[in-house]
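Enquirer: Next comes upload-v9.pdb, PDB, C-alpha atoms, pLDDT in the B column:
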ATOM      1  CA  MET A   1     -83.388-106.729  42.606  1.00 74.00           C
ATOM      2  CA  ARG A   2     -84.499-107.037  39.015  1.00 80.00           C
ATOM      3  CA  ASN A   3     -82.879-107.159  35.601  1.00 77.00           C
ATOM      4  CA  ILE A   4     -79.240-106.565  36.561  1.00 87.00           C
ATOM      5  CA  SER A   5     -77.462-108.539  33.866  1.00 85.00           C
ATOM      6  CA  ASN A   6     -73.877-108.230  35.142  1.00 91.00           C
ATOM      7  CA  LEU A   7     -74.458-109.064  38.846  1.00 94.00           C
ATOM      8  CA  ILE A   8     -72.528-112.267  39.634  1.00 95.00           C
ATOM      9  CA  ARG A   9     -72.540-112.587  43.430  1.00 96.00           C
ATOM     10  CA  ILE A  10     -74.462-111.156  46.388  1.00 96.00           C
ATOM     11  CA  GLU A  11     -73.012-111.295  49.900  1.00 96.00           C
ATOM     12  CA  ALA A  12     -74.478-109.881  53.094  1.00 95.00           C
ATOM     13  CA  THR A  13     -72.461-111.502  55.861  1.00 94.00           C
ATOM     14  CA  SER A  14     -74.106-109.676  58.792  1.00 96.00           C
ATOM     15  CA  LEU A  15     -77.718-109.415  57.576  1.00 96.00           C
ATOM     16  CA  THR A  16     -80.102-111.240  59.937  1.00 95.00           C
ATOM     17  CA  SER A  17     -83.548-110.051  58.828  1.00 96.00           C
ATOM     18  CA  ILE A  18     -85.476-108.842  55.775  1.00 96.00           C
ATOM     19  CA  GLY A  19     -88.784-107.286  56.851  1.00 94.00           C
ATOM     20  CA  SER A  20     -90.645-107.765  53.588  1.00 95.00           C
ATOM     21  CA  VAL A  21     -89.936-109.450  50.237  1.00 96.00           C
ATOM     22  CA  PHE A  22     -86.497-110.833  49.370  1.00 96.00           C
ATOM     23  CA  GLU A  23     -86.956-110.676  45.607  1.00 96.00           C
ATOM     24  CA  LEU A  24     -84.399-111.675  43.027  1.00 96.00           C
ATOM     25  CA  ASN A  25     -85.760-111.622  39.490  1.00 96.00           C
ATOM     26  CA  THR A  26     -84.115-111.993  36.083  1.00 95.00           C
ATOM     27  CA  LEU A  27     -80.511-111.895  37.264  1.00 96.00           C
ATOM     28  CA  ASN A  28     -79.002-113.819  34.371  1.00 94.00           C
ATOM     29  CA  SER A  29     -75.366-113.778  35.591  1.00 96.00           C
ATOM     30  CA  LEU A  30     -75.964-114.442  39.311  1.00 95.00           C
ATOM     31  CA  THR A  31     -74.100-117.583  40.417  1.00 94.00           C
ATOM     32  CA  SER A  32     -73.949-117.318  44.215  1.00 93.00           C
ATOM     33  CA  LEU A  33     -75.679-115.867  47.260  1.00 93.00           C
ATOM     34  CA  SER A  34     -74.188-115.722  50.740  1.00 93.00           C
ATOM     35  CA  PHE A  35     -76.396-114.744  53.681  1.00 93.00           C
ATOM     36  CA  PRO A  36     -74.822-116.807  56.474  1.00 92.00           C
ATOM     37  CA  LYS A  37     -76.690-115.059  59.322  1.00 94.00           C
ATOM     38  CA  LEU A  38     -80.101-114.549  57.680  1.00 93.00           C
ATOM     39  CA  GLU A  39     -82.798-115.944  59.988  1.00 93.00           C
ATOM     40  CA  SER A  40     -85.951-113.997  59.129  1.00 94.00           C
ATOM     41  CA  VAL A  41     -87.647-112.930  55.899  1.00 95.00           C
ATOM     42  CA  GLU A  42     -91.316-112.290  55.097  1.00 95.00           C
ATOM     43  CA  THR A  43     -91.322-113.693  51.549  1.00 96.00           C
ATOM     44  CA  MET A  44     -88.526-115.206  49.494  1.00 94.00           C
ATOM     45  CA  LYS A  45     -89.288-114.784  45.806  1.00 96.00           C
ATOM     46  CA  TRP A  46     -86.483-115.962  43.515  1.00 96.00           C
ATOM     47  CA  GLN A  47     -87.341-116.190  39.827  1.00 96.00           C
ATOM     48  CA  VAL A  48     -85.344-116.465  36.604  1.00 96.00           C
ATOM     49  CA  LEU A  49     -81.890-116.985  38.065  1.00 95.00           C
ATOM     50  CA  PRO A  50     -80.703-119.374  35.351  1.00 95.00           C
ATOM     51  CA  ILE A  51     -77.139-119.959  36.575  1.00 94.00           C
ATOM     52  CA  LEU A  52     -77.601-119.630  40.355  1.00 92.00           C
ATOM     53  CA  THR A  53     -75.890-122.714  41.766  1.00 89.00           C
ATOM     54  CA  PHE A  54     -74.679-121.745  45.251  1.00 90.00           C
ATOM     55  CA  VAL A  55     -76.653-120.417  48.246  1.00 90.00           C
ATOM     56  CA  ASN A  56     -75.184-120.032  51.730  1.00 89.00           C
ATOM     57  CA  LEU A  57     -77.809-119.800  54.478  1.00 86.00           C
ATOM     58  CA  ASP A  58     -75.610-121.252  57.250  1.00 81.00           C
ATOM     59  CA  THR A  59     -77.801-120.224  60.188  1.00 78.00           C
ATOM     60  CA  GLY A  60     -80.971-121.420  58.481  1.00 81.00           C
ATOM     61  CA  ILE A  61     -84.145-119.392  58.048  1.00 88.00           C
ATOM     62  CA  LYS A  62     -86.323-119.681  61.148  1.00 89.00           C
ATOM     63  CA  THR A  63     -89.055-117.159  60.233  1.00 91.00           C
ATOM     64  CA  ILE A  64     -90.563-116.998  56.744  1.00 93.00           C
ATOM     65  CA  ASN A  65     -94.115-116.891  55.373  1.00 94.00           C
ATOM     66  CA  SER A  66     -93.747-117.731  51.681  1.00 95.00           C
ATOM     67  CA  VAL A  67     -91.157-119.401  49.460  1.00 94.00           C
ATOM     68  CA  ILE A  68     -91.409-118.969  45.695  1.00 96.00           C
ATOM     69  CA  MET A  69     -88.497-120.320  43.692  1.00 95.00           C
ATOM     70  CA  SER A  70     -88.485-120.927  39.954  1.00 96.00           C
ATOM     71  CA  ASP A  71     -86.027-121.074  37.085  1.00 95.00           C
ATOM     72  CA  THR A  72     -82.761-121.517  39.009  1.00 93.00           C
ATOM     73  CA  SER A  73     -79.871-123.957  38.593  1.00 91.00           C
ATOM     74  CA  LEU A  74     -79.833-125.039  42.237  1.00 90.00           C
ATOM     75  CA  THR A  75     -79.438-128.769  42.911  1.00 88.00           C
ATOM     76  CA  GLY A  76     -80.811-128.765  46.476  1.00 84.00           C
ATOM     77  CA  PHE A  77     -83.280-126.788  48.556  1.00 79.00           C
ATOM     78  CA  GLY A  78     -83.300-126.736  52.348  1.00 74.00           C
ATOM     79  CA  GLY A  79     -82.295-124.642  55.335  1.00 65.00           C
ATOM     80  CA  PHE A  80     -85.830-123.593  56.248  1.00 73.00           C
ATOM     81  CA  ASN A  81     -86.663-124.613  59.792  1.00 76.00           C
ATOM     82  CA  VAL A  82     -90.197-123.254  60.110  1.00 88.00           C
ATOM     83  CA  GLU A  83     -93.476-124.627  61.395  1.00 92.00           C
ATOM     84  CA  THR A  84     -95.865-122.835  59.027  1.00 94.00           C
ATOM     85  CA  LEU A  85     -95.719-121.437  55.507  1.00 95.00           C
ATOM     86  CA  LYS A  86     -98.426-119.616  53.605  1.00 96.00           C
ATOM     87  CA  THR A  87     -97.069-120.585  50.184  1.00 96.00           C
ATOM     88  CA  MET A  88     -94.431-123.036  49.017  1.00 96.00           C
ATOM     89  CA  SER A  89     -93.952-122.945  45.252  1.00 97.00           C
ATOM     90  CA  ILE A  90     -90.856-124.621  43.848  1.00 96.00           C
ATOM     91  CA  ASN A  91     -90.997-125.145  40.100  1.00 96.00           C
ATOM     92  CA  ASN A  92     -89.025-125.150  36.873  1.00 96.00           C
ATOM     93  CA  ASN A  93     -85.636-125.673  38.532  1.00 95.00           C
ATOM     94  CA  ARG A  94     -84.187-128.125  36.024  1.00 93.00           C
ATOM     95  CA  PHE A  95     -81.268-129.297  38.199  1.00 94.00           C
ATOM     96  CA  LEU A  96     -83.086-129.408  41.545  1.00 94.00           C
ATOM     97  CA  GLU A  97     -82.716-132.985  42.802  1.00 94.00           C
ATOM     98  CA  ARG A  98     -83.643-132.547  46.474  1.00 93.00           C
ATOM     99  CA  ILE A  99     -86.198-130.579  48.502  1.00 92.00           C
ATOM    100  CA  GLU A 100     -86.110-130.893  52.286  1.00 91.00           C
ATOM    101  CA  SER A 101     -88.209-128.940  54.761  1.00 90.00           C
ATOM    102  CA  THR A 102     -89.412-129.342  58.338  1.00 90.00           C
ATOM    103  CA  VAL A 103     -92.594-127.348  57.651  1.00 94.00           C
ATOM    104  CA  SER A 104     -95.686-128.671  59.493  1.00 96.00           C
ATOM    105  CA  GLU A 105     -98.444-126.623  57.814  1.00 97.00           C
ATOM    106  CA  VAL A 106     -98.899-124.897  54.482  1.00 97.00           C
ATOM    107  CA  THR A 107    -101.914-122.626  54.906  1.00 97.00           C
ATOM    108  CA  GLY A 108    -102.147-121.788  51.190  1.00 96.00           C
ATOM    109  CA  ASP A 109    -100.806-123.596  48.147  1.00 97.00           C
ATOM    110  CA  LEU A 110     -97.975-126.091  47.984  1.00 98.00           C
ATOM    111  CA  LEU A 111     -96.635-126.562  44.434  1.00 98.00           C
ATOM    112  CA  ILE A 112     -93.699-128.720  43.398  1.00 97.00           C
ATOM    113  CA  ALA A 113     -93.423-129.276  39.641  1.00 96.00           C
ATOM    114  CA  ALA A 114     -91.114-129.352  36.622  1.00 95.00           C
ATOM    115  CA  ASN A 115     -87.859-129.694  38.532  1.00 95.00           C
ATOM    116  CA  ALA A 116     -85.132-132.325  37.878  1.00 94.00           C
ATOM    117  CA  ARG A 117     -86.419-135.686  36.642  1.00 88.00           C
ATOM    118  CA  ASN A 118     -84.994-137.508  39.659  1.00 89.00           C
ATOM    119  CA  ILE A 119     -86.109-135.063  42.379  1.00 94.00           C
ATOM    120  CA  LYS A 120     -86.664-136.401  45.863  1.00 95.00           C
ATOM    121  CA  VAL A 121     -89.001-134.440  48.143  1.00 95.00           C
ATOM    122  CA  SER A 122     -88.882-134.821  51.920  1.00 94.00           C
ATOM    123  CA  LEU A 123     -91.602-133.128  53.984  1.00 95.00           C
ATOM    124  CA  PRO A 124     -91.649-135.534  56.948  1.00 96.00           C
ATOM    125  CA  ASN A 125     -93.309-133.102  59.398  1.00 96.00           C
ATOM    126  CA  LEU A 126     -96.058-131.809  57.096  1.00 97.00           C
ATOM    127  CA  THR A 127     -99.400-132.562  58.786  1.00 98.00           C
ATOM    128  CA  TRP A 128    -101.795-130.050  57.172  1.00 98.00           C
ATOM    129  CA  VAL A 129    -102.005-128.396  53.752  1.00 98.00           C
ATOM    130  CA  LYS A 130    -104.714-126.310  52.121  1.00 98.00           C
ATOM    131  CA  SER A 131    -104.057-127.502  48.564  1.00 98.00           C
ATOM    132  CA  MET A 132    -101.202-129.425  47.036  1.00 97.00           C
ATOM    133  CA  THR A 133     -99.844-130.114  43.567  1.00 97.00           C
ATOM    134  CA  VAL A 134     -96.852-132.426  43.193  1.00 97.00           C
ATOM    135  CA  LYS A 135     -95.643-133.309  39.703  1.00 95.00           C
ATOM    136  CA  ASP A 136     -92.590-134.862  38.117  1.00 92.00           C
ATOM    137  CA  THR A 137     -91.078-136.337  41.297  1.00 94.00           C
ATOM    138  CA  GLU A 138     -89.194-139.586  41.798  1.00 93.00           C
ATOM    139  CA  ALA A 139     -89.796-139.933  45.548  1.00 94.00           C
ATOM    140  CA  ILE A 140     -91.812-138.111  48.201  1.00 95.00           C
ATOM    141  CA  ASN A 141     -91.972-138.347  51.990  1.00 96.00           C
ATOM    142  CA  LEU A 142     -95.342-137.290  53.437  1.00 97.00           C
ATOM    143  CA  GLU A 143     -95.328-139.654  56.406  1.00 97.00           C
ATOM    144  CA  SER A 144     -97.064-137.214  58.802  1.00 98.00           C
ATOM    145  CA  LEU A 145     -99.676-135.717  56.446  1.00 98.00           C
ATOM    146  CA  GLN A 146    -103.127-135.854  58.092  1.00 98.00           C
ATOM    147  CA  VAL A 147    -105.324-133.247  56.380  1.00 98.00           C
ATOM    148  CA  ILE A 148    -105.631-131.844  52.876  1.00 97.00           C
ATOM    149  CA  GLU A 149    -108.230-129.100  53.320  1.00 97.00           C
ATOM    150  CA  LYS A 150    -109.125-128.769  49.633  1.00 97.00           C
ATOM    151  CA  SER A 151    -107.463-130.862  46.915  1.00 96.00           C
ATOM    152  CA  ALA A 152    -104.265-132.723  46.145  1.00 97.00           C
ATOM    153  CA  ASP A 153    -102.951-133.555  42.697  1.00 97.00           C
ATOM    154  CA  PHE A 154    -100.133-136.061  42.320  1.00 95.00           C
ATOM    155  CA  SER A 155     -99.643-136.407  38.576  1.00 92.00           C
ATOM    156  CA  ASN A 156     -96.853-137.311  36.166  1.00 91.00           C
ATOM    157  CA  ASN A 157     -94.730-138.645  39.014  1.00 92.00           C
ATOM    158  CA  LYS A 158     -92.274-141.532  38.871  1.00 89.00           C
ATOM    159  CA  PHE A 159     -92.526-142.753  42.451  1.00 89.00           C
ATOM    160  CA  THR A 160     -93.625-146.336  43.058  1.00 86.00           C
ATOM    161  CA  THR A 161     -94.919-145.674  46.577  1.00 89.00           C
ATOM    162  CA  LEU A 162     -97.024-142.840  47.950  1.00 91.00           C
ATOM    163  CA  HIS A 163     -96.995-143.487  51.688  1.00 92.00           C
ATOM    164  CA  MET A 164     -99.425-141.285  53.672  1.00 95.00           C
ATOM    165  CA  PRO A 165    -100.277-143.511  56.656  1.00 96.00           C
ATOM    166  CA  LYS A 166    -101.789-140.708  58.764  1.00 97.00           C
ATOM    167  CA  LEU A 167    -103.990-139.090  56.090  1.00 97.00           C
ATOM    168  CA  LYS A 168    -107.489-138.710  57.577  1.00 96.00           C
ATOM    169  CA  SER A 169    -109.298-136.389  55.158  1.00 95.00           C
ATOM    170  CA  THR A 170    -109.318-134.437  51.935  1.00 95.00           C
ATOM    171  CA  GLY A 171    -111.877-131.679  51.464  1.00 93.00           C
ATOM    172  CA  HIS A 172    -112.396-132.170  47.746  1.00 92.00           C
ATOM    173  CA  THR A 173    -110.318-134.167  45.279  1.00 93.00           C
ATOM    174  CA  LEU A 174    -107.401-136.543  45.653  1.00 94.00           C
ATOM    175  CA  SER A 175    -105.893-137.242  42.227  1.00 94.00           C
ATOM    176  CA  ILE A 176    -103.026-139.708  41.755  1.00 92.00           C
ATOM    177  CA  ILE A 177    -101.646-140.360  38.272  1.00 86.00           C
ATOM    178  CA  CYS A 178     -98.178-141.934  38.077  1.00 72.00           C
ATOM    179  CA  LEU A 179     -95.848-142.601  35.180  1.00 67.00           C
ATOM    180  CA  LEU A 180     -93.701-145.678  35.475  1.00 60.00           C
TER     181      LEU A 180
END
Please render this file's structure as structure tokens.
Expert:
Amino acid sequence: MRNISNLIRIEATSLTSIGSVFELNTLNSLTSLSFPKLESVETMKWQVLPILTFVNLDTGIKTINSVIMSDTSLTGFGGFNVETLKTMSINNNRFLERIESTVSEVTGDLLIAANARNIKVSLPNLTWVKSMTVKDTEAINLESLQVIEKSADFSNNKFTTLHMPKLKSTGHTLSIICLL
């Protein structure tokens, strides 16, 4: 769905699967989404949803390849119980204070940037990532991270500890620049 200025709520109480892209783009009046039985989607691409504050994914998404979420008013992000993602891009969500995921591998890019100033990111099962950019975070949990295939950029963060006890290798660059 794109550019529907008067759409306030979307509910699909029996929908369990979306075979391709679940795209919501420039829905300026959308405040809530309810997909309590949704378990499978190829790509979730939510962009420019400036007053979206409520999402119901009660069952939790168990199959998804890519998550792209930017410019929402959500305060938390979770409900994705997957092993592998191709892309995880969560940026410019000014009220987003919490990101939680059980993902183990990100085979493409992982981007977390320009969310709430006090955002806490928890990726405790992440062991492998192709490339990673994490900016503007207060705390991050990467306790299982072992391999960064290409590069990782941790810049403009406010955390006082970056704990990666299992990290064995980075293919190219590891950049850490913190603001205190």
Enquirer: Please identify every residue of range 15-74 of chain A that has at least one atom no farther than 8 Å from an atom of range 88-94 of chain A, counting all atoms listed in the file, and for each give the shortest atom pair and the distance in Å to one decimal, arranged by chain then increasing number, as JSON lines.
Expert:
{"residue": "A:Ser66", "atom": "CA", "partner": "A:Met88", "partner_atom": "CA", "distance": 6.0}
{"residue": "A:Val67", "atom": "CA", "partner": "A:Met88", "partner_atom": "CA", "distance": 4.9}
{"residue": "A:Ile68", "atom": "CA", "partner": "A:Ser89", "partner_atom": "CA", "distance": 4.7}
{"residue": "A:Met69", "atom": "CA", "partner": "A:Ile90", "partner_atom": "CA", "distance": 4.9}
{"residue": "A:Ser70", "atom": "CA", "partner": "A:Asn91", "partner_atom": "CA", "distance": 4.9}
{"residue": "A:Asp71", "atom": "CA", "partner": "A:Asn93", "partner_atom": "CA", "distance": 4.8}
{"residue": "A:Thr72", "atom": "CA", "partner": "A:Asn93", "partner_atom": "CA", "distance": 5.1}
{"residue": "A:Ser73", "atom": "CA", "partner": "A:Asn93", "partner_atom": "CA", "distance": 6.0}
{"residue": "A:Leu74", "atom": "CA", "partner": "A:Asn93", "partner_atom": "CA", "distance": 6.9}
Enquirer: For range 129-143 of chain A, please output as a list of chain:residue names all residues within 6 Å (counting only C-alpha atoms; exclusion window: fewer than 6 positions along the same chain).
Expert: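 Listed by chain and then number, they are A:Glu105, A:Val106, A:Thr107, A:Gly108, A:Asp109, A:Leu110, A:Leu111, A:Ile112, A:Ala113, A:Ala114, A:Asn118, A:Ile119, A:Lys120, A:Val121, A:Ser122, A:Leu123, A:Glu149, A:Lys150, A:Ser151, A:Ala152, A:Asp153, A:Phe154, A:Ser155, A:Asn156, A:Asn157, A:Lys158, A:Phe159, A:Met164.
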Enquirer: Apply the PyMOL selection byres ((chain A and resi 55-62) around 12) to the structure shown and report the selected residues as a ChimeraX atom specification.
Expert: /A:9-18,30-44,46,49,51-54,63-67,72-85,101-103
Enquirer: Calculate how many Å separate CA of Leu145 in chain A from CA of Thr170 in chain A, rounding to one decimal.
Expert: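 Taking CA of Leu145 in chain A as the start and CA of Thr170 in chain A as the end point, the length is 10.7 Å.
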Enquirer: Quick one, how far is CA of Thr127 in chain A from CA of Lys168 in chain A?
Expert: 10.2 Å
Enquirer: Please define a box with edges along x, y and z of the file around all atoms of range 84-88 of chain A given in the file, extend it by 6 Å on each side, and return its centre and edge lengths in Å to one decimal, as AutoDock Vina command-line options.
Expert:
--center_x -96.4 --center_y -121.3 --center_z 54.0 --size_x 16.0 --size_y 15.4 --size_z 22.0
Enquirer: By how many Å are CA of Cys178 in chain A and CA of Asn115 in chain A apart?
Expert: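 If I compute the distance from CA of Cys178 in chain A to CA of Asn115 in chain A, I get 16.0 Å.
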Enquirer: Give the answer as one residue: which of A:Ile8, A:Leu96, A:Val147, A:Met1 has the shortest atom-to-atom distance to Ser169 in chain A, using only C-alpha atoms?
Expert: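 Smallest distance to Ser169 in chain A is found for A:Val147.
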Enquirer: With only C-alpha atoms as the atoms that count, which of A:Phe95, A:Gln146, A:Ile176, A:His163 lies nearest to Arg117 in chain A?
Expert: A:Phe95
Enquirer: Saving range 62-139 of chain A with C-alpha atoms, as a PDB file, in the first residue's frame, what would that file be?
Expert:
ATOM      1  CA  LYS A  62       8.663 -17.312  12.058  1.00  0.00           C
ATOM      2  CA  THR A  63       9.624 -17.001   8.365  1.00  0.00           C
ATOM      3  CA  ILE A  64      10.958 -13.755   6.895  1.00  0.00           C
ATOM      4  CA  ASN A  65      13.939 -12.841   4.707  1.00  0.00           C
ATOM      5  CA  SER A  66      14.253  -9.065   5.039  1.00  0.00           C
ATOM      6  CA  VAL A  67      13.090  -6.385   7.469  1.00  0.00           C
ATOM      7  CA  ILE A  68      13.236  -2.744   6.400  1.00  0.00           C
ATOM      8  CA  MET A  69      11.620  -0.275   8.769  1.00  0.00           C
ATOM      9  CA  SER A  70      12.109   3.479   8.709  1.00  0.00           C
ATOM     10  CA  ASP A  71      10.258   6.624   9.701  1.00  0.00           C
ATOM     11  CA  THR A  72       7.675   5.164  12.101  1.00  0.00           C
ATOM     12  CA  SER A  73       6.598   6.177  15.608  1.00  0.00           C
ATOM     13  CA  LEU A  74       6.989   2.697  17.085  1.00  0.00           C
ATOM     14  CA  THR A  75       8.656   2.466  20.505  1.00  0.00           C
ATOM     15  CA  GLY A  76       9.643  -1.219  20.316  1.00  0.00           C
ATOM     16  CA  PHE A  77      10.544  -3.775  17.674  1.00  0.00           C
ATOM     17  CA  GLY A  78      10.361  -7.527  18.199  1.00  0.00           C
ATOM     18  CA  GLY A  79       8.246 -10.572  17.445  1.00  0.00           C
ATOM     19  CA  PHE A  80      10.598 -12.009  14.830  1.00  0.00           C
ATOM     20  CA  ASN A  81      11.690 -15.502  15.778  1.00  0.00           C
ATOM     21  CA  VAL A  82      13.900 -16.384  12.815  1.00  0.00           C
ATOM     22  CA  GLU A  83      17.336 -17.905  12.411  1.00  0.00           C
ATOM     23  CA  THR A  84      18.471 -16.041   9.286  1.00  0.00           C
ATOM     24  CA  LEU A  85      17.747 -12.694   7.662  1.00  0.00           C
ATOM     25  CA  LYS A  86      19.112 -11.332   4.415  1.00  0.00           C
ATOM     26  CA  THR A  87      18.656  -7.691   5.421  1.00  0.00           C
ATOM     27  CA  MET A  88      17.830  -5.965   8.687  1.00  0.00           C
ATOM     28  CA  SER A  89      17.549  -2.200   8.291  1.00  0.00           C
ATOM     29  CA  ILE A  90      15.928  -0.266  11.120  1.00  0.00           C
ATOM     30  CA  ASN A  91      16.501   3.472  10.909  1.00  0.00           C
ATOM     31  CA  ASN A  92      14.996   6.896  11.469  1.00  0.00           C
ATOM     32  CA  ASN A  93      12.365   5.721  13.961  1.00  0.00           C
ATOM     33  CA  ARG A  94      12.597   8.626  16.391  1.00  0.00           C
ATOM     34  CA  PHE A  95      10.689   6.953  19.252  1.00  0.00           C
ATOM     35  CA  LEU A  96      12.122   3.442  18.889  1.00  0.00           C
ATOM     36  CA  GLU A  97      13.699   2.618  22.256  1.00  0.00           C
ATOM     37  CA  ARG A  98      14.072  -1.165  21.959  1.00  0.00           C
ATOM     38  CA  ILE A  99      15.053  -3.679  19.271  1.00  0.00           C
ATOM     39  CA  GLU A 100      14.979  -7.372  20.157  1.00  0.00           C
ATOM     40  CA  SER A 101      15.565 -10.272  17.792  1.00  0.00           C
ATOM     41  CA  THR A 102      16.631 -13.907  18.033  1.00  0.00           C
ATOM     42  CA  VAL A 103      18.245 -13.819  14.575  1.00  0.00           C
ATOM     43  CA  SER A 104      21.472 -15.873  14.312  1.00  0.00           C
ATOM     44  CA  GLU A 105      22.747 -14.761  10.884  1.00  0.00           C
ATOM     45  CA  VAL A 106      22.340 -11.706   8.695  1.00  0.00           C
ATOM     46  CA  THR A 107      23.613 -12.724   5.265  1.00  0.00           C
ATOM     47  CA  GLY A 108      23.521  -9.171   3.876  1.00  0.00           C
ATOM     48  CA  ASP A 109      23.517  -5.817   5.630  1.00  0.00           C
ATOM     49  CA  LEU A 110      22.508  -5.055   9.189  1.00  0.00           C
ATOM     50  CA  LEU A 111      21.801  -1.340   9.752  1.00  0.00           C
ATOM     51  CA  ILE A 112      20.560   0.261  12.953  1.00  0.00           C
ATOM     52  CA  ALA A 113      20.800   4.061  12.989  1.00  0.00           C
ATOM     53  CA  ALA A 114      19.043   7.328  13.820  1.00  0.00           C
ATOM     54  CA  ASN A 115      16.414   5.870  16.128  1.00  0.00           C
ATOM     55  CA  ALA A 116      15.588   7.118  19.669  1.00  0.00           C
ATOM     56  CA  ARG A 117      18.549   8.533  21.596  1.00  0.00           C
ATOM     57  CA  ASN A 118      18.209   5.916  24.332  1.00  0.00           C
ATOM     58  CA  ILE A 119      17.692   2.843  22.118  1.00  0.00           C
ATOM     59  CA  LYS A 120      18.727  -0.525  23.469  1.00  0.00           C
ATOM     60  CA  VAL A 121      19.517  -3.262  20.941  1.00  0.00           C
ATOM     61  CA  SER A 122      19.454  -6.936  21.898  1.00  0.00           C
ATOM     62  CA  LEU A 123      20.720  -9.478  19.357  1.00  0.00           C
ATOM     63  CA  PRO A 124      21.934 -12.160  21.787  1.00  0.00           C
ATOM     64  CA  ASN A 125      21.893 -15.032  19.254  1.00  0.00           C
ATOM     65  CA  LEU A 126      23.598 -13.226  16.363  1.00  0.00           C
ATOM     66  CA  THR A 127      26.732 -15.218  15.470  1.00  0.00           C
ATOM     67  CA  TRP A 128      27.447 -14.176  11.857  1.00  0.00           C
ATOM     68  CA  VAL A 129      26.878 -10.996   9.846  1.00  0.00           C
ATOM     69  CA  LYS A 130      28.088  -9.929   6.419  1.00  0.00           C
ATOM     70  CA  SER A 131      28.346  -6.215   7.218  1.00  0.00           C
ATOM     71  CA  MET A 132      27.067  -4.162  10.104  1.00  0.00           C
ATOM     72  CA  THR A 133      26.461  -0.502  10.871  1.00  0.00           C
ATOM     73  CA  VAL A 134      25.226   0.469  14.331  1.00  0.00           C
ATOM     74  CA  LYS A 135      24.850   4.152  15.177  1.00  0.00           C
ATOM     75  CA  ASP A 136      23.207   6.247  17.852  1.00  0.00           C
ATOM     76  CA  THR A 137      22.598   3.443  20.371  1.00  0.00           C
ATOM     77  CA  GLU A 138      22.762   3.514  24.156  1.00  0.00           C
ATOM     78  CA  ALA A 139      23.286  -0.225  24.697  1.00  0.00           C
TER      79      ALA A 139
END
